[in-house]
file input-v8.txt (compact mmCIF, C-alpha atoms)
# COMPACT_ATOMS: atom_id res chain seq x y z
CA MET A 9 7.39 8.26 26.98
CA ARG A 10 7.81 11.88 25.87
CA CYS A 11 7.31 13.61 22.54
CA ARG A 12 10.66 14.38 20.91
CA SER A 13 9.43 17.80 19.85
CA CYS A 14 7.48 19.19 22.83
CA ARG A 15 8.18 16.74 25.70
CA GLY A 16 4.43 16.22 26.12
CA ASP A 17 2.88 12.76 26.49
CA ALA A 18 3.69 10.59 23.47
CA VAL A 19 1.04 8.49 21.74
CA ILE A 20 3.28 6.72 19.24
CA GLU A 21 6.85 5.47 19.33
CA ILE A 22 8.81 5.27 16.08
CA ARG A 23 11.74 3.09 17.03
CA ARG A 24 13.57 3.53 13.73
CA HIS A 25 13.76 7.25 14.50
CA HIS A 26 14.64 6.54 18.17
CA ALA A 27 11.76 8.86 18.94
CA ALA A 28 8.21 9.17 20.19
CA PHE A 29 5.65 11.82 19.31
CA CYS A 30 2.50 13.42 20.62
CA THR A 31 -0.41 13.52 18.18
CA GLU A 32 0.34 17.02 16.92
CA HIS A 33 4.02 16.43 16.25
CA PHE A 34 3.41 12.98 14.82
CA PHE A 35 1.19 14.64 12.20
CA VAL A 36 3.98 17.13 11.46
CA MET A 37 6.52 14.32 11.06
CA PHE A 38 4.17 12.27 8.87
CA LEU A 39 3.30 15.15 6.56
CA THR A 40 6.95 16.14 6.31
CA GLN A 41 7.85 12.63 5.12
CA VAL A 42 5.06 12.57 2.52
CA GLU A 43 5.85 16.03 1.23
CA LYS A 44 9.52 15.10 1.03
CA ALA A 45 8.64 12.06 -1.08
CA ILE A 46 6.45 14.12 -3.41
CA ARG A 47 9.05 16.87 -3.80
CA ARG A 48 12.14 14.69 -4.09
CA HIS A 49 10.65 12.50 -6.82
CA GLN A 50 8.64 15.27 -8.52
CA MET A 51 5.56 13.13 -8.14
CA MET A 52 2.88 15.71 -8.84
CA ALA A 53 2.45 19.36 -9.72
CA PRO A 54 -0.13 21.61 -8.01
CA ASP A 55 -2.35 21.66 -11.12
CA ASP A 56 -2.12 17.94 -11.87
CA ARG A 57 -5.33 15.92 -11.81
CA ILE A 58 -4.64 12.95 -9.54
CA LEU A 59 -6.52 9.68 -9.47
CA LEU A 60 -6.02 7.90 -6.15
CA ALA A 61 -6.54 4.15 -5.89
CA VAL A 62 -8.78 3.74 -2.84
CA SER A 63 -9.24 0.34 -1.19
CA GLY A 64 -10.82 1.46 2.07
CA GLY A 65 -7.70 0.44 3.99
CA LYS A 66 -5.58 2.67 6.18
CA ASP A 67 -2.98 3.53 3.55
CA SER A 68 -5.19 4.79 0.74
CA LEU A 69 -7.46 6.72 3.10
CA ALA A 70 -4.49 8.26 4.95
CA LEU A 71 -3.03 9.34 1.60
CA TRP A 72 -6.36 10.74 0.45
CA ASP A 73 -6.59 12.72 3.68
CA VAL A 74 -3.07 14.12 3.23
CA LEU A 75 -3.50 15.03 -0.45
CA LEU A 76 -6.78 16.80 0.27
CA ASP A 77 -5.15 18.75 3.09
CA LEU A 78 -2.31 19.69 0.76
CA ASP A 79 -4.92 21.03 -1.70
CA TYR A 80 -4.15 18.64 -4.52
CA ASP A 81 -6.83 18.03 -7.12
CA VAL A 82 -7.45 14.41 -6.14
CA THR A 83 -10.26 12.04 -7.06
CA GLY A 84 -10.62 8.60 -5.46
CA LEU A 85 -11.25 5.47 -7.49
CA TYR A 86 -12.70 2.47 -5.72
CA LEU A 87 -12.53 -0.87 -7.50
CA GLY A 88 -15.18 -3.38 -6.43
CA LEU A 89 -13.58 -6.82 -6.40
CA GLY A 90 -16.74 -8.83 -5.74
CA ILE A 91 -15.41 -10.38 -2.51
CA GLU A 92 -18.49 -11.05 -0.44
CA ASN A 93 -18.92 -8.80 2.63
CA TYR A 94 -15.32 -7.56 2.44
CA SER A 95 -15.88 -5.57 -0.76
CA ASP A 96 -19.20 -4.20 0.53
CA ARG A 97 -17.57 -2.99 3.73
CA SER A 98 -14.61 -1.51 1.82
CA HIS A 99 -16.89 0.38 -0.57
CA GLU A 100 -18.99 1.68 2.32
CA VAL A 101 -15.89 3.00 4.10
CA ALA A 102 -14.58 4.69 0.93
CA ARG A 103 -17.98 6.30 0.28
CA ALA A 104 -18.29 7.53 3.88
CA PHE A 105 -14.82 9.12 3.72
CA ALA A 106 -15.60 10.83 0.42
CA GLU A 107 -18.88 12.16 1.78
CA GLU A 108 -17.35 13.45 4.99
CA ARG A 109 -14.48 15.16 3.18
CA ARG A 110 -16.65 16.27 0.24
CA ALA A 111 -14.24 14.50 -2.07
CA ARG A 112 -14.93 12.95 -5.47
CA LEU A 113 -15.14 9.16 -5.63
CA LEU A 114 -15.42 7.12 -8.80
CA THR A 115 -16.37 3.46 -8.69
CA VAL A 116 -15.56 0.63 -11.06
CA ASP A 117 -17.04 -2.75 -10.25
CA LEU A 118 -15.37 -5.85 -11.66
CA PRO A 119 -18.52 -8.05 -11.68
CA ARG A 120 -20.71 -5.30 -13.14
CA ASP A 121 -18.24 -3.76 -15.58
CA TYR A 122 -16.02 -6.69 -16.54
CA GLY A 123 -18.16 -9.74 -15.80
CA TYR A 124 -16.07 -11.50 -13.14
CA ASP A 125 -15.20 -11.32 -9.47
CA ILE A 126 -11.85 -12.04 -7.84
CA PRO A 127 -12.84 -15.26 -6.00
CA THR A 128 -14.04 -16.73 -9.33
CA ALA A 129 -10.95 -15.44 -11.14
CA GLY A 130 -8.73 -17.16 -8.58
CA ARG A 131 -10.52 -20.48 -9.11
CA ARG A 132 -10.84 -20.40 -12.90
CA GLY A 133 -7.76 -18.57 -14.13
CA SER A 134 -4.17 -19.74 -14.29
CA ARG A 135 -2.95 -16.99 -11.98
CA SER A 136 -3.15 -16.91 -8.19
CA THR A 137 -5.95 -14.89 -6.62
CA CYS A 138 -3.58 -12.12 -5.52
CA ALA A 139 -1.89 -12.00 -8.96
CA VAL A 140 -5.13 -11.62 -10.90
CA CYS A 141 -6.35 -9.07 -8.33
CA GLY A 142 -3.17 -7.01 -8.80
CA LEU A 143 -3.42 -7.29 -12.59
CA SER A 144 -7.06 -6.16 -12.50
CA LYS A 145 -6.23 -3.18 -10.30
CA ARG A 146 -3.32 -1.99 -12.44
CA TYR A 147 -5.41 -2.30 -15.59
CA VAL A 148 -8.51 -0.57 -14.25
CA PHE A 149 -6.62 2.29 -12.59
CA ASN A 150 -4.58 3.02 -15.71
CA ARG A 151 -7.59 2.81 -18.01
CA ALA A 152 -9.78 4.96 -15.78
CA ALA A 153 -7.01 7.55 -15.51
CA LEU A 154 -6.54 7.69 -19.28
CA GLU A 155 -10.24 7.88 -20.01
CA GLY A 156 -10.83 10.45 -17.28
CA GLY A 157 -7.96 12.69 -18.39
CA PHE A 158 -5.97 12.30 -15.16
CA ASP A 159 -2.26 13.16 -15.07
CA VAL A 160 -1.19 10.87 -12.25
CA VAL A 161 -2.28 7.64 -10.57
CA ALA A 162 -1.35 7.59 -6.86
CA THR A 163 -1.34 4.47 -4.71
CA GLY A 164 -0.94 4.00 -0.95
CA HIS A 165 2.06 1.66 -1.01
CA ASN A 166 4.01 2.24 2.20
CA LEU A 167 7.59 1.54 3.28
CA ASP A 168 6.72 -1.97 4.48
CA ASP A 169 5.07 -2.81 1.15
CA GLU A 170 8.07 -1.61 -0.81
CA ALA A 171 10.65 -3.26 1.47
CA ALA A 172 8.77 -6.59 1.26
CA THR A 173 8.59 -6.38 -2.53
CA LEU A 174 12.28 -5.55 -2.77
CA LEU A 175 13.12 -8.45 -0.44
CA GLY A 176 11.13 -10.87 -2.61
CA ASN A 177 12.74 -9.61 -5.81
CA THR A 178 16.19 -9.79 -4.25
CA LEU A 179 15.74 -13.31 -2.87
CA ARG A 180 15.03 -14.46 -6.41
CA TRP A 181 17.50 -12.03 -8.01
CA GLN A 182 14.83 -10.71 -10.32
CA THR A 183 17.06 -7.96 -11.58
CA ASP A 184 14.52 -6.54 -14.02
CA ALA A 185 11.92 -6.27 -11.27
CA ILE A 186 14.48 -4.75 -8.90
CA ALA A 187 15.32 -2.12 -11.51
CA ARG A 188 11.64 -1.26 -11.95
CA GLN A 189 10.95 -0.62 -8.26
CA SER A 190 10.80 3.14 -8.28
CA PRO A 191 8.33 5.30 -6.30
CA VAL A 192 7.58 7.25 -9.48
CA LEU A 193 7.10 5.98 -12.99
CA PRO A 194 6.65 8.63 -15.68
CA ALA A 195 3.94 8.32 -18.28
CA ARG A 196 4.72 6.51 -21.52
CA ASP A 197 2.86 4.96 -24.45
CA GLY A 198 -0.62 4.82 -22.92
CA MET A 199 0.61 4.32 -19.37
CA VAL A 200 -0.31 7.11 -16.96
CA LYS A 201 2.34 8.34 -14.51
CA LYS A 202 2.32 6.27 -11.26
CA VAL A 203 3.43 7.55 -7.85
CA LYS A 204 3.74 6.16 -4.31
CA PRO A 205 3.86 9.14 -1.93
CA LEU A 206 3.78 6.97 1.24
CA HIS A 207 6.95 5.03 0.48
CA ARG A 208 8.87 6.83 3.25
CA VAL A 209 6.39 6.01 6.05
CA SER A 210 5.88 2.62 7.64
CA GLU A 211 2.74 0.58 8.01
CA LEU A 212 2.69 1.42 11.74
CA GLU A 213 2.84 5.11 10.88
CA THR A 214 0.02 5.02 8.31
CA ALA A 215 -2.17 3.02 10.70
CA ALA A 216 -1.45 5.43 13.55
CA PHE A 217 -2.07 8.42 11.29
CA ALA A 218 -5.43 7.05 10.12
CA PHE A 219 -6.46 6.21 13.68
CA LEU A 220 -5.41 9.56 15.13
CA ARG A 221 -7.13 11.45 12.31
CA GLY A 222 -10.34 9.60 13.20
CA ILE A 223 -10.52 7.87 9.83
CA ASP A 224 -12.74 4.81 9.79
CA TYR A 225 -10.82 2.24 7.73
CA VAL A 226 -11.12 -1.47 7.04
CA VAL A 227 -9.11 -3.27 9.71
CA GLU A 228 -10.16 -6.74 8.60
CA GLU A 229 -7.83 -8.69 6.37
CA CYS A 230 -8.89 -9.67 2.88
CA PRO A 231 -10.38 -13.19 3.32
CA LEU A 232 -8.46 -14.40 0.25
CA VAL A 233 -5.04 -13.34 1.48
CA ALA A 234 -4.03 -16.64 3.14
CA GLY A 235 -0.68 -17.81 1.82
CA ASN A 236 0.12 -14.45 0.23
CA THR A 237 3.86 -14.34 -0.43
CA GLN A 238 4.07 -10.60 0.20
CA LEU A 239 2.76 -11.11 3.73
CA ARG A 240 5.44 -13.72 4.42
CA TYR A 241 8.13 -11.28 3.33
CA LYS A 242 6.60 -8.60 5.55
CA GLU A 243 6.70 -10.97 8.50
CA ALA A 244 10.34 -11.80 7.76
CA MET A 245 11.20 -8.09 7.65
CA ASN A 246 9.31 -7.52 10.90
CA THR A 247 11.31 -10.26 12.61
CA ILE A 248 14.53 -8.49 11.70
CA GLU A 249 13.07 -5.07 12.52
CA GLN A 250 12.13 -6.24 16.02
CA THR A 251 15.77 -6.50 17.09
CA SER A 252 17.22 -4.04 14.56
CA PRO A 253 14.84 -1.07 14.20
CA GLY A 254 15.45 0.85 11.01
CA THR A 255 16.43 -2.15 8.88
CA LYS A 256 13.41 -1.82 6.59
CA ALA A 257 14.09 1.84 5.93
CA GLN A 258 17.79 1.24 5.36
CA PHE A 259 16.97 -1.59 2.97
CA PHE A 260 14.45 0.23 0.78
CA LEU A 261 15.45 3.88 1.08
CA GLY A 262 19.09 2.80 0.81
CA TYR A 263 18.18 0.95 -2.37
CA LEU A 264 16.65 4.09 -3.84
CA GLU A 265 19.74 6.14 -3.02
CA ARG A 266 22.54 3.67 -3.66
CA GLY A 267 21.19 0.42 -5.07
CA MET A 268 18.93 1.56 -7.90
CA PRO A 269 21.75 3.04 -9.98
CA LEU A 270 23.36 -0.41 -10.06
CA PHE A 271 20.38 -1.99 -11.81
CA ARG A 272 19.22 -1.15 -15.28
CA SER A 273 16.05 -2.41 -16.87
CA GLU A 274 17.01 -3.72 -20.27
CA ASP A 275 15.28 -4.75 -23.40
CA ARG A 276 12.04 -2.90 -22.86
CA ALA A 277 9.57 -4.14 -25.40
CA ALA A 278 7.68 -1.53 -27.40
CA LEU A 279 4.05 -1.12 -26.40
CA GLN A 280 1.12 -1.16 -28.82
CA ALA A 281 -2.65 -1.00 -28.46
CA CYS A 282 -4.41 -4.19 -27.36
CA GLU A 283 -6.62 -5.37 -30.22
CA SER A 284 -9.44 -6.03 -27.78
CA CYS A 285 -9.49 -3.01 -25.46
CA GLY A 286 -6.92 -0.55 -26.82
CA GLN A 287 -4.80 -0.47 -23.67
CA PRO A 288 -1.01 -0.73 -24.00
CA THR A 289 0.48 -4.18 -24.39
CA THR A 290 3.52 -5.95 -25.74
CA GLY A 291 1.49 -8.42 -27.82
CA ARG A 292 -1.77 -8.42 -29.74
CA PHE A 293 -3.86 -8.69 -26.58
CA CYS A 294 -3.05 -7.30 -23.16
CA ALA A 295 -2.54 -9.50 -20.06
CA PHE A 296 -5.85 -8.28 -18.63
CA CYS A 297 -7.90 -9.23 -21.69
CA ARG A 298 -6.16 -12.61 -21.88
CA ALA A 299 -6.84 -13.27 -18.18
CA ARG A 300 -10.44 -12.11 -18.46
CA ALA A 301 -11.07 -14.29 -21.50
CA GLN A 302 -9.68 -17.28 -19.64
CA ILE A 303 -11.84 -16.60 -16.58
CA LEU A 304 -14.99 -16.17 -18.68
CA GLY A 305 -14.18 -19.13 -20.89
CA GLU A 306 -13.92 -16.95 -23.97
CA ARG A 307 -11.38 -17.09 -26.76
CA LEU A 308 -9.74 -13.93 -28.04
CA SER A 309 -8.10 -15.45 -31.12
CA ALA A 310 -5.39 -17.89 -32.09
CA ASP A 311 -2.85 -15.46 -30.74
CA PRO A 312 0.49 -17.19 -30.14
CA GLU A 313 1.51 -17.40 -26.50
CA PRO A 314 3.60 -14.34 -25.57
CA SER A 315 7.07 -14.87 -24.18
CA ASP A 316 7.64 -15.07 -20.42
CA ARG A 317 9.60 -11.84 -20.61
CA ALA A 318 6.77 -10.00 -22.34
CA ILE A 319 4.29 -11.24 -19.74
CA ALA A 320 6.58 -10.33 -16.85
CA GLU A 321 7.06 -6.81 -18.17
CA GLU A 322 3.38 -6.28 -18.75
CA LEU A 323 2.17 -7.76 -15.48
CA SER A 324 4.33 -5.37 -13.58
CA ASP A 325 4.20 -2.08 -15.44
CA GLU A 326 6.91 -0.77 -13.21
CA VAL A 327 9.62 -0.53 -15.82
CA LEU A 328 12.38 1.74 -14.70
CA PRO A 329 12.37 4.61 -17.17
CA ALA A 330 15.69 5.78 -18.56
CA GLU A 331 15.18 9.30 -17.24
CA ILE A 332 14.80 8.02 -13.67
CA TYR A 333 17.88 5.87 -14.06
CA ASP A 334 19.87 8.75 -15.46
CA ARG A 335 18.75 11.06 -12.65
CA ALA A 336 19.68 8.47 -10.05
CA VAL A 337 23.22 7.99 -11.30
CA ARG A 338 24.01 11.68 -11.65
CA MET B 8 -7.94 -7.02 31.97
CA LYS B 9 -9.94 -7.60 28.78
CA VAL B 10 -7.84 -7.60 25.63
CA LYS B 11 -9.47 -7.56 22.21
CA LEU B 12 -7.37 -9.03 19.40
CA ARG B 13 -8.15 -8.64 15.70
CA ASN B 14 -7.87 -10.73 12.53
CA PRO B 15 -9.43 -12.96 13.65
CA ASP B 16 -11.42 -11.08 16.29
CA ARG B 17 -11.20 -12.65 19.76
CA GLU B 18 -10.90 -11.64 23.41
CA VAL B 19 -8.53 -12.82 26.10
CA GLN B 20 -8.24 -12.03 29.80
CA LEU B 21 -4.76 -11.03 30.95
CA ARG B 22 -3.21 -9.67 34.12
CA GLY B 23 -2.80 -5.90 34.45
CA GLY B 24 -0.42 -4.01 36.73
CA ARG B 25 2.42 -3.92 34.21
CA PRO B 26 3.51 -2.00 31.11
CA VAL B 27 1.93 -2.54 27.70
CA GLY B 28 5.22 -3.97 26.41
CA SER B 29 4.98 -6.84 28.89
CA VAL B 30 1.45 -7.67 27.68
CA LEU B 31 2.68 -7.72 24.08
CA ASP B 32 5.62 -9.94 25.06
CA GLU B 33 3.24 -12.41 26.69
CA LEU B 34 1.19 -12.50 23.50
CA GLY B 35 4.30 -12.85 21.32
CA ILE B 36 3.49 -9.63 19.44
CA SER B 37 6.14 -7.20 18.20
CA VAL B 38 5.48 -3.64 19.34
CA ASP B 39 6.02 -2.26 15.82
CA THR B 40 3.26 -4.37 14.29
CA VAL B 41 0.25 -3.20 16.29
CA LEU B 42 -1.63 -0.20 17.58
CA VAL B 43 -2.56 -0.53 21.25
CA ILE B 44 -5.77 1.34 21.97
CA ARG B 45 -7.24 2.10 25.40
CA ALA B 46 -10.43 4.11 25.81
CA GLY B 47 -10.13 5.39 22.24
CA GLU B 48 -6.52 6.53 22.61
CA LEU B 49 -3.19 5.14 21.45
CA ILE B 50 -0.80 4.13 24.21
CA THR B 51 2.93 3.40 24.03
CA ARG B 52 4.73 0.30 25.31
CA GLU B 53 5.90 1.90 28.55
CA MET B 54 2.41 2.86 29.68
CA PRO B 55 1.15 0.84 32.68
CA VAL B 56 -2.16 -0.97 32.29
CA ARG B 57 -4.56 -1.96 35.07
CA ASP B 58 -6.74 -5.01 35.63
CA GLU B 59 -9.86 -2.95 34.96
CA ASP B 60 -8.60 -1.65 31.58
CA GLU B 61 -9.93 -2.79 28.23
CA LEU B 62 -7.38 -2.87 25.43
CA GLU B 63 -7.66 -3.33 21.69
CA ILE B 64 -4.55 -4.67 19.98
CA ARG B 65 -4.97 -3.85 16.31
CA PRO B 66 -2.51 -5.19 13.73
CA VAL B 67 -1.20 -2.62 11.30
CA ILE B 68 -0.35 -5.04 8.52
CA SER B 69 -2.44 -4.70 5.38
CA GLY B 70 -4.60 -7.61 4.40
CA GLY B 71 -4.16 -7.04 0.70
CA ALA B 72 -2.49 -4.77 -1.77
CA PRO B 73 -3.25 -1.06 -1.23

call {"tool": "encode", "arguments": {"input": "input-v8.txt", "output": "structure tokens"}}
result
Amino acid sequence: MRCRSCRGDAVIEIRRHHAAFCTEHFFVMFLTQVEKAIRRHQMMAPDDRILLAVSGGKDSLALWDVLLDLDYDVTGLYLGLGIENYSDRSHEVARAFAEERRARLLTVDLPRDYGYDIPTAGRRGSRSTCAVCGLSKRYVFNRAALEGGFDVVATGHNLDDEAATLLGNTLRWQTDAIARQSPVLPARDGMVKKVKPLHRVSELETAAFAFLRGIDYVVEECPLVAGNTQLRYKEAMNTIEQTSPGTKAQFFLGYLERGMPLFRSEDRAALQACESCGQPTTGRFCAFCRARAQILGERLSADPEPSDRAIAEELSDEVLPAEIYDRAVR
Amino acid sequence: MKVKLRNPDREVQLRGGRPVGSVLDELGISVDTVLVIRAGELITREMPVRDEDELEIRPVISGGAP
């Protein structure tokens, strides 16, 4: 198999592009896609301070590598989840990368800083393990970014992640969630701007990039992931992709170009400061503080139960902003 | 040929003398879902493998949210 650019020996085949690449030209293609995503969605400016959510997996480390090479002012944030062995290994990998690249790494540890770990949260709380993990991550990243004076939070969500999420939302016709699925969410009311610069590259591409760049990343799966709905949707997409390469990209990137304008997020509740932690929320207490209180067996107050809509909006802070909608339909 | 599979980690012995794609077919693995690594290098599905080769087939799917 030959490289599309130089006809040298290929190391990776990208079937959705009907092409294969040598290492050098694969890097060029990968960087081009990431830069295109950043530019097209105005994700970050050269002088922005960027906080990157680092898990130790291939995606976040590949993105860190790219942003450092592009000379962005990027700081990693590792969140310790308290998952035995897995979290230790993930932290070690993140630290080693930061040391090798002389990059800044901040660490927040759920057990140390918030008094619970994810396995316990999954057993004691009313949410699934993956749901409370996602809630914890969104909360901690936003809070750390606000407190640290960062302009942007970047995450390593790739094309497969986004296509699987869109598939799940579409299967249930969660129109609000569909409308919120944008690769960039501007800042508002205590929410820092969020960006996903890897949304144009597939999981295969981020894994190959990390491997070829010599990045040591965590290959092992999270031991708590069994039964994860997102993984089932990824597998479903992969089954289709096997016989119809390019379907994932058509589905998600096509949504961004042609589908998103058809959905509008309505009835966005106003945000106010959580009475417990000060972070933005639709009720008196934010979803994170409510979940944490439940896990720790504490009581915040006799706060009335928030509506399902308020919880849904808060759990996923990905509300499609009007300016993005307006830009998309122009 | 020794083939190392991941998540969970295990090893199987398979016949060489054929392209990587044929090995993946035998294992029921889609070519887009794994990296195939031989002697520290990525190889594509058309590359022939030999009985004396050692392969690692590494899934690219993320275990959790990024």

call {"tool": "residues_around", "arguments": {"input": "input-v8.txt", "residues": "His49 (chain A)", "least_positions_apart": "2", "cutoff": "8 Å", "atoms": "all atoms listed in the file", "output": "PDB file with C-alpha atoms, in the coordinates of the input"}}
result
ATOM      1  CA  ALA A  45       8.640  12.060  -1.080  1.00  0.00           C
ATOM      2  CA  ILE A  46       6.450  14.120  -3.410  1.00  0.00           C
ATOM      3  CA  ARG A  47       9.050  16.870  -3.800  1.00  0.00           C
ATOM      4  CA  MET A  51       5.560  13.130  -8.140  1.00  0.00           C
ATOM      5  CA  PRO A 191       8.330   5.300  -6.300  1.00  0.00           C
ATOM      6  CA  VAL A 192       7.580   7.250  -9.480  1.00  0.00           C
TER       7      VAL A 192
END

call {"tool": "interface_residues", "arguments": {"input": "input-v8.txt", "of": "chain A", "to": "chain B", "cutoff": "7 Å", "atoms": "only C-alpha atoms", "output": "list in words"}}
result
Met9, Val19, Ile20, Glu21, Ser63, Asp67, Ser68, Thr163, Gly164, His165, Glu211, Leu212, Ala215, Ala216, Glu228, Glu229, Cys230, Val233 and Gln250 of chain A

call {"tool": "closest_residue", "arguments": {"input": "input-v8.txt", "among": "B:Glu61, B:Lys11, B:Pro55, B:Ala46", "to": "Gly28 (chain B)", "atoms": "all atoms listed in the file"}}
result
B:Pro55

call {"tool": "axis_aligned_box", "arguments": {"input": "input-v8.txt", "around": "region 164-178 of chain A", "padding_each_side": "4 Å", "output": "AutoDock Vina command-line options"}}
result
--center_x 7.6 --center_y -3.4 --center_z -0.7 --size_x 25.1 --size_y 22.9 --size_z 18.3

call {"tool": "closest_residue", "arguments": {"input": "input-v8.txt", "among": "B:Arg45, B:Arg57, B:Ile64, B:Lys9", "to": "Pro26 (chain B)", "atoms": "only C-alpha atoms"}}
result
B:Arg57

call {"tool": "atom_distance", "arguments": {"input": "input-v8.txt", "atom1": "CA of Arg22 (chain B)", "atom2": "CA of Arg23 (chain A)"}}
result
26.0 Å

call {"tool": "atom_distance", "arguments": {"input": "input-v8.txt", "atom1": "CA of Ala277 (chain A)", "atom2": "CA of Gly157 (chain A)"}}
result
25.3 Å

call {"tool": "closest_residue", "arguments": {"input": "input-v8.txt", "among": "A:Ala278, A:Val160, A:Lys204, A:Gly90", "to": "Gly291 (chain A)", "atoms": "only C-alpha atoms"}}
result
A:Ala278

call {"tool": "residues_around", "arguments": {"input": "input-v8.txt", "residues": "Ser136 (chain A)", "least_positions_apart": "4", "cutoff": "12 Å", "atoms": "only C-alpha atoms", "output": "VMD selection string"}}
result
chain A and resid 126 to 132 140 to 143 232 to 237 299

call {"tool": "residues_near_point", "arguments": {"input": "input-v8.txt", "point": "(-10.9, -13.8, -19.0)", "cutoff": "12 Å", "atoms": "all atoms listed in the file", "output": "ChimeraX atom specification"}}
result
/A:118,122-126,128-135,140,143-144,284,293-308

call {"tool": "write_last_selection", "arguments": {"input": "input-v8.txt", "atoms": "C-alpha atoms", "output": "compact mmCIF listing (two decimals), keeping the file's coordinate frame"}}
result
# COMPACT_ATOMS: atom_id res chain seq x y z
CA LEU A 118 -15.37 -5.85 -11.66
CA TYR A 122 -16.02 -6.69 -16.54
CA GLY A 123 -18.16 -9.74 -15.80
CA TYR A 124 -16.07 -11.50 -13.14
CA ASP A 125 -15.20 -11.32 -9.47
CA ILE A 126 -11.85 -12.04 -7.84
CA THR A 128 -14.04 -16.73 -9.33
CA ALA A 129 -10.95 -15.44 -11.14
CA GLY A 130 -8.73 -17.16 -8.58
CA ARG A 131 -10.52 -20.48 -9.11
CA ARG A 132 -10.84 -20.40 -12.90
CA GLY A 133 -7.76 -18.57 -14.13
CA SER A 134 -4.17 -19.74 -14.29
CA ARG A 135 -2.95 -16.99 -11.98
CA VAL A 140 -5.13 -11.62 -10.90
CA LEU A 143 -3.42 -7.29 -12.59
CA SER A 144 -7.06 -6.16 -12.50
CA SER A 284 -9.44 -6.03 -27.78
CA PHE A 293 -3.86 -8.69 -26.58
CA CYS A 294 -3.05 -7.30 -23.16
CA ALA A 295 -2.54 -9.50 -20.06
CA PHE A 296 -5.85 -8.28 -18.63
CA CYS A 297 -7.90 -9.23 -21.69
CA ARG A 298 -6.16 -12.61 -21.88
CA ALA A 299 -6.84 -13.27 -18.18
CA ARG A 300 -10.44 -12.11 -18.46
CA ALA A 301 -11.07 -14.29 -21.50
CA GLN A 302 -9.68 -17.28 -19.64
CA ILE A 303 -11.84 -16.60 -16.58
CA LEU A 304 -14.99 -16.17 -18.68
CA GLY A 305 -14.18 -19.13 -20.89
CA GLU A 306 -13.92 -16.95 -23.97
CA ARG A 307 -11.38 -17.09 -26.76
CA LEU A 308 -9.74 -13.93 -28.04

call {"tool": "atom_distance", "arguments": {"input": "input-v8.txt", "atom1": "CA of Arg221 (chain A)", "atom2": "CA of Glu43 (chain A)"}}
result
17.7 Å

call {"tool": "residues_around", "arguments": {"input": "input-v8.txt", "residues": "Val42 (chain A)", "least_positions_apart": "5", "cutoff": "7 Å", "atoms": "all atoms listed in the file", "output": "list in words"}}
result
Pro205, Leu206 and Arg208 of chain A

call {"tool": "write_last_selection", "arguments": {"input": "input-v8.txt", "atoms": "C-alpha atoms", "output": "compact mmCIF listing (two decimals), in the frame of the given file"}}
result
# COMPACT_ATOMS: atom_id res chain seq x y z
CA PRO A 205 3.86 9.14 -1.93
CA LEU A 206 3.78 6.97 1.24
CA ARG A 208 8.87 6.83 3.25

call {"tool": "residues_around", "arguments": {"input": "input-v8.txt", "residues": "region 168-184 of chain A", "least_positions_apart": "3", "cutoff": "8 Å", "atoms": "only C-alpha atoms", "output": "list of chain:residue names"}}
result
A:His165, A:Ala187, A:Arg188, A:Gln189, A:His207, A:Ser210, A:Glu211, A:Gln238, A:Leu239, A:Tyr241, A:Lys242, A:Met245, A:Lys256, A:Ala257, A:Phe259, A:Phe260, A:Phe271, A:Arg272, A:Ser273, A:Glu274, A:Val327

call {"tool": "write_last_selection", "arguments": {"input": "input-v8.txt", "atoms": "C-alpha atoms", "output": "PDB file, in the frame of the given file"}}
result
ATOM      1  CA  HIS A 165       2.060   1.660  -1.010  1.00  0.00           C
ATOM      2  CA  ALA A 187      15.320  -2.120 -11.510  1.00  0.00           C
ATOM      3  CA  ARG A 188      11.640  -1.260 -11.950  1.00  0.00           C
ATOM      4  CA  GLN A 189      10.950  -0.620  -8.260  1.00  0.00           C
ATOM      5  CA  HIS A 207       6.950   5.030   0.480  1.00  0.00           C
ATOM      6  CA  SER A 210       5.880   2.620   7.640  1.00  0.00           C
ATOM      7  CA  GLU A 211       2.740   0.580   8.010  1.00  0.00           C
ATOM      8  CA  GLN A 238       4.070 -10.600   0.200  1.00  0.00           C
ATOM      9  CA  LEU A 239       2.760 -11.110   3.730  1.00  0.00           C
ATOM     10  CA  TYR A 241       8.130 -11.280   3.330  1.00  0.00           C
ATOM     11  CA  LYS A 242       6.600  -8.600   5.550  1.00  0.00           C
ATOM     12  CA  MET A 245      11.200  -8.090   7.650  1.00  0.00           C
ATOM     13  CA  LYS A 256      13.410  -1.820   6.590  1.00  0.00           C
ATOM     14  CA  ALA A 257      14.090   1.840   5.930  1.00  0.00           C
ATOM     15  CA  PHE A 259      16.970  -1.590   2.970  1.00  0.00           C
ATOM     16  CA  PHE A 260      14.450   0.230   0.780  1.00  0.00           C
ATOM     17  CA  PHE A 271      20.380  -1.990 -11.810  1.00  0.00           C
ATOM     18  CA  ARG A 272      19.220  -1.150 -15.280  1.00  0.00           C
ATOM     19  CA  SER A 273      16.050  -2.410 -16.870  1.00  0.00           C
ATOM     20  CA  GLU A 274      17.010  -3.720 -20.270  1.00  0.00           C
ATOM     21  CA  VAL A 327       9.620  -0.530 -15.820  1.00  0.00           C
TER      22      VAL A 327
END

call {"tool": "residues_near_point", "arguments": {"input": "input-v8.txt", "point": "(-4.3, 5.4, 7.4)", "cutoff": "6 Å", "atoms": "only C-alpha atoms", "output": "CSV table (one decimal) with C-alpha atoms, in the frame of the given file"}}
result
chain,number,residue,atom,x,y,z
A,66,LYS,CA,-5.6,2.7,6.2
A,67,ASP,CA,-3.0,3.5,3.6
A,69,LEU,CA,-7.5,6.7,3.1
A,70,ALA,CA,-4.5,8.3,5.0
A,214,THR,CA,0.0,5.0,8.3
A,215,ALA,CA,-2.2,3.0,10.7
A,217,PHE,CA,-2.1,8.4,11.3
A,218,ALA,CA,-5.4,7.0,10.1
